[in-house]
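Single-structure report; data block below.
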Amino acid sequence: MDTNVIITIKSLEYDGYNGTPGTEIETIQPGIYKYIHGRHIIIYEEPYDDTIQNPSLFTKNLVKISSDSVSITRRGQTCADMFFKKDYHYSGTFGTDGGTLSIPIDIITSDLNIKENTGCIDIQLSYSLELSHDYISMHTIYINIHFLENTKKQ
């Protein structure tokens, strides 16, 4: 059964080693929610920065949530595979819209909180990002999945 949702993702990057808050990015998009094999699945599209000049540029996103982990897969103008689980070290890749360049990244999740409430799911996770085993920055991501009323498909 598919359910319409609104997904809000807010990402805060902390600069370098000193931990001062830096860049904050937020996106709010409509999406589709499914519950499959004990996991929450959210599918949504995110417009690319250049959507005004080229409205066909979107990144397709897949968020999978289990009781103790979150994975995010992005395909399109930006490609990335990210996996978050408390105290887990994940090695993945990040692809740019420049083509075949694929950059190896390391994600070390230091905190992950998943709260399932009536009508929404709230997630807060913190992780450090490394590039070729060199520390780049710390990040905190807040994800809210808000279920829309009367939108369940039979």
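Every chain in the structure tokens takes a letter, A first, then B, and so on in the order presented; its residues are numbered from 1, and the ligands are numbered from 1 following the presented order.
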Q: Pick out each residue of chain A that DSSP on the backbone tags as strand (DSSP E or B); I need them as a PyMOL selection string.
A: chain A and resi 3-15+20-36+39-47+58-65+70-76+79-84+89-95+102-117+120-131+134-147
Report the closest atom pair, with its distance in Å rounded to one decimal, for each residue of region 25-71 of chain A that has an atom no farther than 9 Å from region 77-80 of chain A; count only C-alpha atoms, sort by chain and then rising residue number, and write it as JSON lines.
{"residue": "A:Tyr48", "atom": "CA", "partner": "A:Gln77", "partner_atom": "CA", "distance": 6.9}
{"residue": "A:Leu57", "atom": "CA", "partner": "A:Gln77", "partner_atom": "CA", "distance": 6.9}
{"residue": "A:Phe58", "atom": "CA", "partner": "A:Gln77", "partner_atom": "CA", "distance": 6.6}
{"residue": "A:Thr59", "atom": "CA", "partner": "A:Gln77", "partner_atom": "CA", "distance": 5.7}
{"residue": "A:Lys60", "atom": "CA", "partner": "A:Gln77", "partner_atom": "CA", "distance": 8.8}
Export N, CA and C atoms of the chosen residues as a compact mmCIF listing (two decimals), in the first residue's frame?
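out19.txt, written as the output of this step:
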# COMPACT_ATOMS: atom_id res chain seq x y z
N TYR A 48 17.20 19.49 -9.14
CA TYR A 48 18.60 19.87 -9.19
C TYR A 48 18.70 21.38 -9.16
N LEU A 57 15.81 18.12 -14.83
CA LEU A 57 16.91 17.65 -13.98
C LEU A 57 16.43 17.39 -12.56
N PHE A 58 16.36 16.12 -12.20
CA PHE A 58 15.96 15.71 -10.86
C PHE A 58 16.88 14.62 -10.36
N THR A 59 17.01 14.54 -9.06
CA THR A 59 17.70 13.43 -8.43
C THR A 59 16.64 12.57 -7.76
N LYS A 60 16.64 11.27 -8.09
CA LYS A 60 15.70 10.33 -7.48
C LYS A 60 16.32 9.79 -6.20
Q: Do a neighbour search on Ile65 (chain A) at 12 Å with only C-alpha atoms, toss out local chain neighbours closer than 3 positions, and write the hits as a PyMOL selection string.
A: chain A and resi 33-43+62+68-73+83-85+112-116+121-123+143-145
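Residue nearest Thr23 (chain A) within the list A:Thr140, A:His133, A:Tyr90, A:Ile103: A:Thr140 [criterion: smallest interatomic distance, only C-alpha atoms].
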(Q) Rounded to one decimal, what separation in Å do you get between CA of Met82 (chain A) and CA of Ile28 (chain A)? (A)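 Straight-line distance from CA of Met82 (chain A) to CA of Ile28 (chain A) works out to 19.4 Å.
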(Q) When you look at region 6-10 of chain A with a cut-off of 9 Å (counting only C-alpha atoms), what residues show up, excluding the ones that are within fewer than 6 positions of it in the same chain? I need them as a list in words. (A)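 Near neighbours after the sequence-gap exclusion: Glu24, Ile25, Glu26, Thr27, Ile28, Gln29, Pro30, Gly31, Ile32, Ile42, Tyr44, Thr140, Ile141, Tyr142, Ile143, Asn144, Ile145, His146, Phe147 and Leu148 of chain A.
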(Q) One number please: CA of Thr93 (chain A) to CA of Asp81 (chain A), in Å, one decimal. (A)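 Atom-to-atom, CA of Thr93 (chain A) to CA of Asp81 (chain A), that is 6.3 Å.
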**Q.** For Asp106 (chain A): contacts at 10 Å, only C-alpha atoms, fewer than 2 positions along chain excluded, given as a ChimeraX atom specification
**A.** /A:82-83,89-93,104,108-109,127-136
